[in-house]
Amino acid sequence: MLRTSLSLLRRHALAPRLLRAGLRTSAQRSSGNPPMDFPCIDKLESRQRDLLSGPEPTYEKIVTGYQTYQHPSPFTCDHGGQLTGMRIAYETWGTPNPEKSNAILIHTGLSGSSHARSHELNRNPGWWEKFIGPGLAIDTNKFYVICTNVIGGCYGSTGPSSLDESGARYATTFPLLTVNDMVRAQFHLMDYLGIRKLHASVGASMGGMQSLCAAALHSERVGRLVTISACARSHPYSIALRFAQRQALMSDPNFNRGHYYDGVQPHVGMKLARSIATVTYRSGPEWELRFGRRRQKPDQPPALCPDFLIETYLDHQSERFCLQYDANSLLYVSKAMDMFDISHSVTQRLERQRTEKQTACTSVCMDASEQPASEEGHSGVETGDEIMADLVRGVSSAMQPTLVLGVQSDILFPVRQQKEIADILRRAGNTKVTYYELDAMYGHDTFLIDVVNVGAAIKGHLENSD
């Protein structure tokens, strides 16, 4: 039986090559023109064959050296469903003071891991390596720094690729998540670490959503707020871009409605999704300077596969990512970003909904077909004034000294969205809001690149005695 199955798989893997050879011969006979080469498709087919015969990616091995907190009781999610034995992967740098009042919680973006900086257990550079450390923007000589992998992720925290109580992967039986869920889980970790109040909550992109959520919904536990390139509620343009990514991913034949862990990963869909995402992370002006209209091989005829340098860049970035992050995690975490809205009416509805489900829910996790219809998704108000008033009420408890950073070249989270955060905080009565707008050309990824300007703003805010 096993030999027959392997034979079928190999035959399936060879089929594209046989078909391609036949089509090339037929096309050349009919037109007399030489057929176009498709090395990019050859590469995808080669990876498909490798995945049919080789081991699947183990996301836990991509990031190492983290610690794990396991929540002792079931964790009820805002949209229904529970996680039993929920785990949070985290890493720390610096030393807590006796009162543990010098703790800073770093919130990650969509695909970020807890590995923000290198340390003895993992010497690989972290995703914010140049911002965290002795004397740097987040000074580990002064602060005790914590970074987590969000729930729903795949780098050590409980997510769709984790095993449920039966020993099977959750896959798409994993419950839908909210940014609020992620933050509540992080404060369970703070309880475990004995941290009553953070010196600061710091984040960029989805991390900036989390830091704003932490300051608004857990205001008594957050001393300062830093939110970078984020929003108070997701706007249609960014929702549309993430929707396109999810559609590309779910259209991969290997996706299998999320139950792909015993087969081939949806690597083609992941590559397409990452290509779309990368376009939103950087900016046109940067790419004009960096790539222009230059081609990889200008002395050769144009190709339909990556040809311009910008195309080869997108191809490289997406190729590197497609097997390093779980496809289901991308779906769940990006959907949580879409649903984010700090409005009072939405927050209250989510809390009421969760409380009702917490009382009624007895299962570990609901199947995707059993997920309850959620009332929320957007506030029920319609006019601009009512929406603004609802947002202001949503942050009425966030009176911490606040730093809001925006980047003029950011197309994913345009600066008007950071201005909105600063505006609603001020309208709510927060008199300690600082708003900076950076004229950097790196787009949304500026928070990862502009160490001088972003770093100086963060350092000044965290170390200010006000």
# chains A, B, ... in the order shown; residues from 1 in each chain; ligands from 1
>>> closest_atom_pairs(of="range 269-300 of chain A", to="range 405-417 of chain A", cutoff="8 Å", atoms="only C-alpha atoms", output="JSON lines")
{"residue": "A:Thr280", "atom": "CA", "partner": "A:Leu412", "partner_atom": "CA", "distance": 5.6}
{"residue": "A:Tyr281", "atom": "CA", "partner": "A:Leu412", "partner_atom": "CA", "distance": 6.8}
{"residue": "A:Arg282", "atom": "CA", "partner": "A:Asp410", "partner_atom": "CA", "distance": 7.3}
{"residue": "A:Ser283", "atom": "CA", "partner": "A:Ser409", "partner_atom": "CA", "distance": 6.1}
>>> write_last_selection(atoms="all heavy atoms", output="PDB file, in the first residue's frame")
ATOM      1  N   THR A 280       2.930  46.331   0.159  1.00  0.00           N
ATOM      2  CA  THR A 280       2.335  47.285   1.102  1.00  0.00           C
ATOM      3  C   THR A 280       3.299  47.722   2.196  1.00  0.00           C
ATOM      4  O   THR A 280       3.046  48.717   2.873  1.00  0.00           O
ATOM      5  CB  THR A 280       1.080  46.679   1.768  1.00  0.00           C
ATOM      6  OG1 THR A 280       1.458  45.666   2.726  1.00  0.00           O
ATOM      7  CG2 THR A 280       0.145  46.081   0.744  1.00  0.00           C
ATOM      8  N   TYR A 281       4.373  46.965   2.393  1.00  0.00           N
ATOM      9  CA  TYR A 281       5.288  47.260   3.495  1.00  0.00           C
ATOM     10  C   TYR A 281       6.308  48.345   3.153  1.00  0.00           C
ATOM     11  O   TYR A 281       6.857  48.984   4.044  1.00  0.00           O
ATOM     12  CB  TYR A 281       6.057  46.002   3.921  1.00  0.00           C
ATOM     13  CG  TYR A 281       5.195  44.921   4.538  1.00  0.00           C
ATOM     14  CD1 TYR A 281       5.607  43.587   4.529  1.00  0.00           C
ATOM     15  CD2 TYR A 281       3.973  45.220   5.125  1.00  0.00           C
ATOM     16  CE1 TYR A 281       4.822  42.594   5.094  1.00  0.00           C
ATOM     17  CE2 TYR A 281       3.184  44.228   5.686  1.00  0.00           C
ATOM     18  CZ  TYR A 281       3.617  42.914   5.666  1.00  0.00           C
ATOM     19  OH  TYR A 281       2.854  41.928   6.221  1.00  0.00           O
ATOM     20  N   ARG A 282       6.604  48.511   1.867  1.00  0.00           N
ATOM     21  CA  ARG A 282       7.610  49.499   1.490  1.00  0.00           C
ATOM     22  C   ARG A 282       6.949  50.602   0.665  1.00  0.00           C
ATOM     23  O   ARG A 282       5.724  50.686   0.606  1.00  0.00           O
ATOM     24  CB  ARG A 282       8.750  48.820   0.715  1.00  0.00           C
ATOM     25  CG  ARG A 282       9.382  47.636   1.453  1.00  0.00           C
ATOM     26  CD  ARG A 282       9.909  48.028   2.835  1.00  0.00           C
ATOM     27  NE  ARG A 282      11.253  48.522   2.786  1.00  0.00           N
ATOM     28  CZ  ARG A 282      12.333  47.814   3.065  1.00  0.00           C
ATOM     29  NH1 ARG A 282      12.244  46.543   3.416  1.00  0.00           N
ATOM     30  NH2 ARG A 282      13.523  48.360   3.017  1.00  0.00           N
ATOM     31  N   SER A 283       7.764  51.444   0.018  1.00  0.00           N
ATOM     32  CA  SER A 283       7.187  52.593  -0.680  1.00  0.00           C
ATOM     33  C   SER A 283       7.741  52.732  -2.089  1.00  0.00           C
ATOM     34  O   SER A 283       8.846  52.268  -2.394  1.00  0.00           O
ATOM     35  CB  SER A 283       7.468  53.879   0.094  1.00  0.00           C
ATOM     36  OG  SER A 283       8.795  54.309  -0.120  1.00  0.00           O
TER      37      SER A 283
END
>>> residues_around(residues="Asp338 in chain A", least_positions_apart="2", cutoff="8 Å", atoms="only C-alpha atoms", output="PyMOL selection string")
chain A and resi 234-235+238-239+242+334-336+340
>>> residues_around(residues="Met209 in chain A", least_positions_apart="3", cutoff="10 Å", atoms="only C-alpha atoms", output="NGL selection string")
:A and (107-109 or 179-180 or 183 or 202-206 or 212-214 or 227-234 or 337 or 340-342)
>>> closest_atom_pairs(of="range 136-215 of chain A", to="range 260-269 of chain A", cutoff="8 Å", atoms="only C-alpha atoms", output="JSON lines")
{"residue": "A:Ser161", "atom": "CA", "partner": "A:Tyr261", "partner_atom": "CA", "distance": 7.8}
{"residue": "A:Arg169", "atom": "CA", "partner": "A:Tyr261", "partner_atom": "CA", "distance": 7.6}
{"residue": "A:Ala171", "atom": "CA", "partner": "A:Tyr261", "partner_atom": "CA", "distance": 7.9}
>>> closest_residue(among="A:Trp127, A:Leu121, A:Met399, A:Leu304", to="Pro35 in chain A", atoms="only C-alpha atoms")
A:Leu304
>>> residues_around(residues="Lys61 in chain A", least_positions_apart="6", cutoff="12 Å", atoms="only C-alpha atoms", output="ChimeraX atom specification")
/A:113,122,154-156,324-325
>>> write_last_selection(atoms="N, CA, C and O atoms", output="tab-separated table (two decimals), in the first residue's frame")
chain	number	residue	atom	x	y	z
A	113	SER	N	7.95	37.09	15.83
A	113	SER	CA	8.18	36.11	16.90
A	113	SER	C	8.58	36.84	18.17
A	113	SER	O	8.72	38.06	18.19
A	122	ASN	N	19.77	32.15	22.10
A	122	ASN	CA	19.56	32.28	20.66
A	122	ASN	C	20.35	33.50	20.18
A	122	ASN	O	19.93	34.64	20.37
A	154	CYS	N	2.75	30.95	15.33
A	154	CYS	CA	3.28	29.59	15.14
A	154	CYS	C	4.70	29.46	15.66
A	154	CYS	O	5.39	28.49	15.33
A	155	TYR	N	5.15	30.43	16.45
A	155	TYR	CA	6.52	30.40	16.96
A	155	TYR	C	6.55	30.15	18.46
A	155	TYR	O	7.21	30.83	19.22
A	156	GLY	N	5.80	29.14	18.89
A	156	GLY	CA	5.84	28.72	20.28
A	156	GLY	C	4.57	28.95	21.05
A	156	GLY	O	4.29	28.26	22.04
A	324	GLN	N	8.26	29.47	6.17
A	324	GLN	CA	8.73	29.84	7.51
A	324	GLN	C	7.61	30.33	8.42
A	324	GLN	O	7.86	30.63	9.58
A	325	TYR	N	6.41	30.40	7.89
A	325	TYR	CA	5.28	30.86	8.72
A	325	TYR	C	4.07	30.02	8.35
A	325	TYR	O	3.87	29.68	7.18
>>> closest_residue(among="A:Glu99, A:Val279, A:Asn328, A:Glu311", to="Arg293 in chain A", atoms="only C-alpha atoms")
A:Glu311
>>> decode(residues="range 314-330 of chain A", atoms="all heavy atoms", output="mmCIF file, in the first residue's frame")
data_model
loop_
_atom_site.group_PDB
_atom_site.id
_atom_site.type_symbol
_atom_site.label_atom_id
_atom_site.label_comp_id
_atom_site.auth_asym_id
_atom_site.auth_seq_id
_atom_site.Cartn_x
_atom_site.Cartn_y
_atom_site.Cartn_z
ATOM 1 N N LEU A 314 10.742 40.989 -4.932
ATOM 2 C CA LEU A 314 9.494 40.424 -4.406
ATOM 3 C C LEU A 314 9.556 38.902 -4.401
ATOM 4 O O LEU A 314 9.101 38.250 -3.448
ATOM 5 C CB LEU A 314 8.305 40.893 -5.236
ATOM 6 C CG LEU A 314 7.916 42.356 -5.125
ATOM 7 C CD1 LEU A 314 6.781 42.680 -6.088
ATOM 8 C CD2 LEU A 314 7.504 42.708 -3.695
ATOM 9 N N ASP A 315 10.114 38.335 -5.460
ATOM 10 C CA ASP A 315 10.217 36.886 -5.548
ATOM 11 C C ASP A 315 11.096 36.332 -4.435
ATOM 12 O O ASP A 315 10.760 35.326 -3.798
ATOM 13 C CB ASP A 315 10.784 36.503 -6.921
ATOM 14 C CG ASP A 315 10.800 35.005 -7.140
ATOM 15 O OD1 ASP A 315 9.708 34.408 -7.214
ATOM 16 O OD2 ASP A 315 11.903 34.427 -7.241
ATOM 17 N N HIS A 316 12.208 36.993 -4.178
ATOM 18 C CA HIS A 316 13.127 36.531 -3.121
ATOM 19 C C HIS A 316 12.478 36.637 -1.744
ATOM 20 O O HIS A 316 12.560 35.699 -0.941
ATOM 21 C CB HIS A 316 14.408 37.360 -3.156
ATOM 22 C CG HIS A 316 15.326 37.102 -1.993
ATOM 23 N ND1 HIS A 316 16.077 35.953 -1.874
ATOM 24 C CD2 HIS A 316 15.583 37.853 -0.873
ATOM 25 C CE1 HIS A 316 16.758 35.993 -0.742
ATOM 26 N NE2 HIS A 316 16.490 37.124 -0.122
ATOM 27 N N GLN A 317 11.836 37.773 -1.472
ATOM 28 C CA GLN A 317 11.226 37.964 -0.155
ATOM 29 C C GLN A 317 10.122 36.944 0.102
ATOM 30 O O GLN A 317 10.018 36.387 1.198
ATOM 31 C CB GLN A 317 10.655 39.385 -0.050
ATOM 32 C CG GLN A 317 11.692 40.491 -0.032
ATOM 33 C CD GLN A 317 12.580 40.436 1.199
ATOM 34 O OE1 GLN A 317 12.138 40.133 2.305
ATOM 35 N NE2 GLN A 317 13.857 40.721 1.018
ATOM 36 N N SER A 318 9.300 36.700 -0.895
ATOM 37 C CA SER A 318 8.182 35.765 -0.712
ATOM 38 C C SER A 318 8.660 34.317 -0.693
ATOM 39 O O SER A 318 8.103 33.490 0.031
ATOM 40 C CB SER A 318 7.137 35.970 -1.810
ATOM 41 O OG SER A 318 7.720 35.857 -3.098
ATOM 42 N N GLU A 319 9.697 34.021 -1.463
ATOM 43 C CA GLU A 319 10.261 32.672 -1.468
ATOM 44 C C GLU A 319 10.818 32.328 -0.092
ATOM 45 O O GLU A 319 10.646 31.209 0.416
ATOM 46 C CB GLU A 319 11.366 32.589 -2.522
ATOM 47 C CG GLU A 319 12.022 31.230 -2.665
ATOM 48 C CD GLU A 319 11.173 30.247 -3.432
ATOM 49 O OE1 GLU A 319 10.269 30.680 -4.172
ATOM 50 O OE2 GLU A 319 11.408 29.035 -3.284
ATOM 51 N N ARG A 320 11.479 33.281 0.522
ATOM 52 C CA ARG A 320 12.090 33.068 1.835
ATOM 53 C C ARG A 320 11.033 32.838 2.918
ATOM 54 O O ARG A 320 11.263 32.109 3.881
ATOM 55 C CB ARG A 320 12.952 34.273 2.187
ATOM 56 C CG ARG A 320 13.839 34.086 3.397
ATOM 57 C CD ARG A 320 14.723 35.288 3.608
ATOM 58 N NE ARG A 320 13.956 36.489 3.913
ATOM 59 C CZ ARG A 320 14.501 37.644 4.289
ATOM 60 N NH1 ARG A 320 15.814 37.757 4.352
ATOM 61 N NH2 ARG A 320 13.753 38.675 4.565
ATOM 62 N N PHE A 321 9.867 33.441 2.745
ATOM 63 C CA PHE A 321 8.835 33.426 3.793
ATOM 64 C C PHE A 321 7.894 32.233 3.707
ATOM 65 O O PHE A 321 7.361 31.791 4.735
ATOM 66 C CB PHE A 321 8.023 34.721 3.681
ATOM 67 C CG PHE A 321 6.922 34.867 4.688
ATOM 68 C CD1 PHE A 321 7.182 35.302 5.985
ATOM 69 C CD2 PHE A 321 5.599 34.597 4.345
ATOM 70 C CE1 PHE A 321 6.167 35.456 6.907
ATOM 71 C CE2 PHE A 321 4.571 34.750 5.270
ATOM 72 C CZ PHE A 321 4.856 35.179 6.551
ATOM 73 N N CYS A 322 7.685 31.686 2.519
ATOM 74 C CA CYS A 322 6.512 30.829 2.291
ATOM 75 C C CYS A 322 6.491 29.549 3.117
ATOM 76 O O CYS A 322 5.416 28.980 3.333
ATOM 77 C CB CYS A 322 6.358 30.519 0.809
ATOM 78 S SG CYS A 322 7.628 29.458 0.108
ATOM 79 N N LEU A 323 7.643 29.076 3.574
ATOM 80 C CA LEU A 323 7.665 27.879 4.416
ATOM 81 C C LEU A 323 8.133 28.181 5.839
ATOM 82 O O LEU A 323 8.358 27.271 6.629
ATOM 83 C CB LEU A 323 8.565 26.802 3.804
ATOM 84 C CG LEU A 323 8.079 26.190 2.486
ATOM 85 C CD1 LEU A 323 9.085 25.161 1.984
ATOM 86 C CD2 LEU A 323 6.703 25.552 2.650
ATOM 87 N N GLN A 324 8.259 29.470 6.172
ATOM 88 C CA GLN A 324 8.728 29.837 7.507
ATOM 89 C C GLN A 324 7.614 30.325 8.418
ATOM 90 O O GLN A 324 7.858 30.632 9.583
ATOM 91 C CB GLN A 324 9.803 30.922 7.393
ATOM 92 C CG GLN A 324 11.103 30.429 6.799
ATOM 93 C CD GLN A 324 12.207 31.457 6.906
ATOM 94 O OE1 GLN A 324 11.977 32.622 7.187
ATOM 95 N NE2 GLN A 324 13.437 31.024 6.683
ATOM 96 N N TYR A 325 6.411 30.402 7.894
ATOM 97 C CA TYR A 325 5.279 30.858 8.719
ATOM 98 C C TYR A 325 4.075 30.016 8.351
ATOM 99 O O TYR A 325 3.868 29.677 7.176
ATOM 100 C CB TYR A 325 5.009 32.340 8.460
ATOM 101 C CG TYR A 325 4.076 32.978 9.481
ATOM 102 C CD1 TYR A 325 4.514 33.230 10.776
ATOM 103 C CD2 TYR A 325 2.781 33.320 9.143
ATOM 104 C CE1 TYR A 325 3.668 33.807 11.711
ATOM 105 C CE2 TYR A 325 1.928 33.903 10.069
ATOM 106 C CZ TYR A 325 2.376 34.142 11.352
ATOM 107 O OH TYR A 325 1.541 34.711 12.277
ATOM 108 N N ASP A 326 3.273 29.690 9.346
ATOM 109 C CA ASP A 326 2.129 28.823 9.107
ATOM 110 C C ASP A 326 1.020 29.570 8.372
ATOM 111 O O ASP A 326 0.645 30.684 8.751
ATOM 112 C CB ASP A 326 1.611 28.281 10.437
ATOM 113 C CG ASP A 326 0.428 27.361 10.257
ATOM 114 O OD1 ASP A 326 0.465 26.534 9.335
ATOM 115 O OD2 ASP A 326 -0.552 27.487 11.019
ATOM 116 N N ALA A 327 0.483 28.947 7.337
ATOM 117 C CA ALA A 327 -0.564 29.584 6.532
ATOM 118 C C ALA A 327 -1.806 29.893 7.362
ATOM 119 O O ALA A 327 -2.410 30.966 7.235
ATOM 120 C CB ALA A 327 -0.916 28.683 5.354
ATOM 121 N N ASN A 328 -2.215 28.974 8.217
ATOM 122 C CA ASN A 328 -3.397 29.231 9.048
ATOM 123 C C ASN A 328 -3.159 30.380 10.016
ATOM 124 O O ASN A 328 -4.075 31.169 10.289
ATOM 125 C CB ASN A 328 -3.794 27.966 9.817
ATOM 126 C CG ASN A 328 -4.535 26.965 8.952
ATOM 127 O OD1 ASN A 328 -5.247 27.339 8.018
ATOM 128 N ND2 ASN A 328 -4.357 25.692 9.247
ATOM 129 N N SER A 329 -1.955 30.486 10.546
ATOM 130 C CA SER A 329 -1.644 31.624 11.418
ATOM 131 C C SER A 329 -1.802 32.932 10.656
ATOM 132 O O SER A 329 -2.333 33.915 11.185
ATOM 133 C CB SER A 329 -0.224 31.511 11.978
ATOM 134 O OG SER A 329 -0.145 30.529 12.991
ATOM 135 N N LEU A 330 -1.359 32.953 9.405
ATOM 136 C CA LEU A 330 -1.520 34.156 8.593
ATOM 137 C C LEU A 330 -2.993 34.515 8.444
ATOM 138 O O LEU A 330 -3.378 35.681 8.564
ATOM 139 C CB LEU A 330 -0.883 33.945 7.219
ATOM 140 C CG LEU A 330 -0.992 35.116 6.238
ATOM 141 C CD1 LEU A 330 -0.275 36.347 6.776
ATOM 142 C CD2 LEU A 330 -0.437 34.744 4.877
#
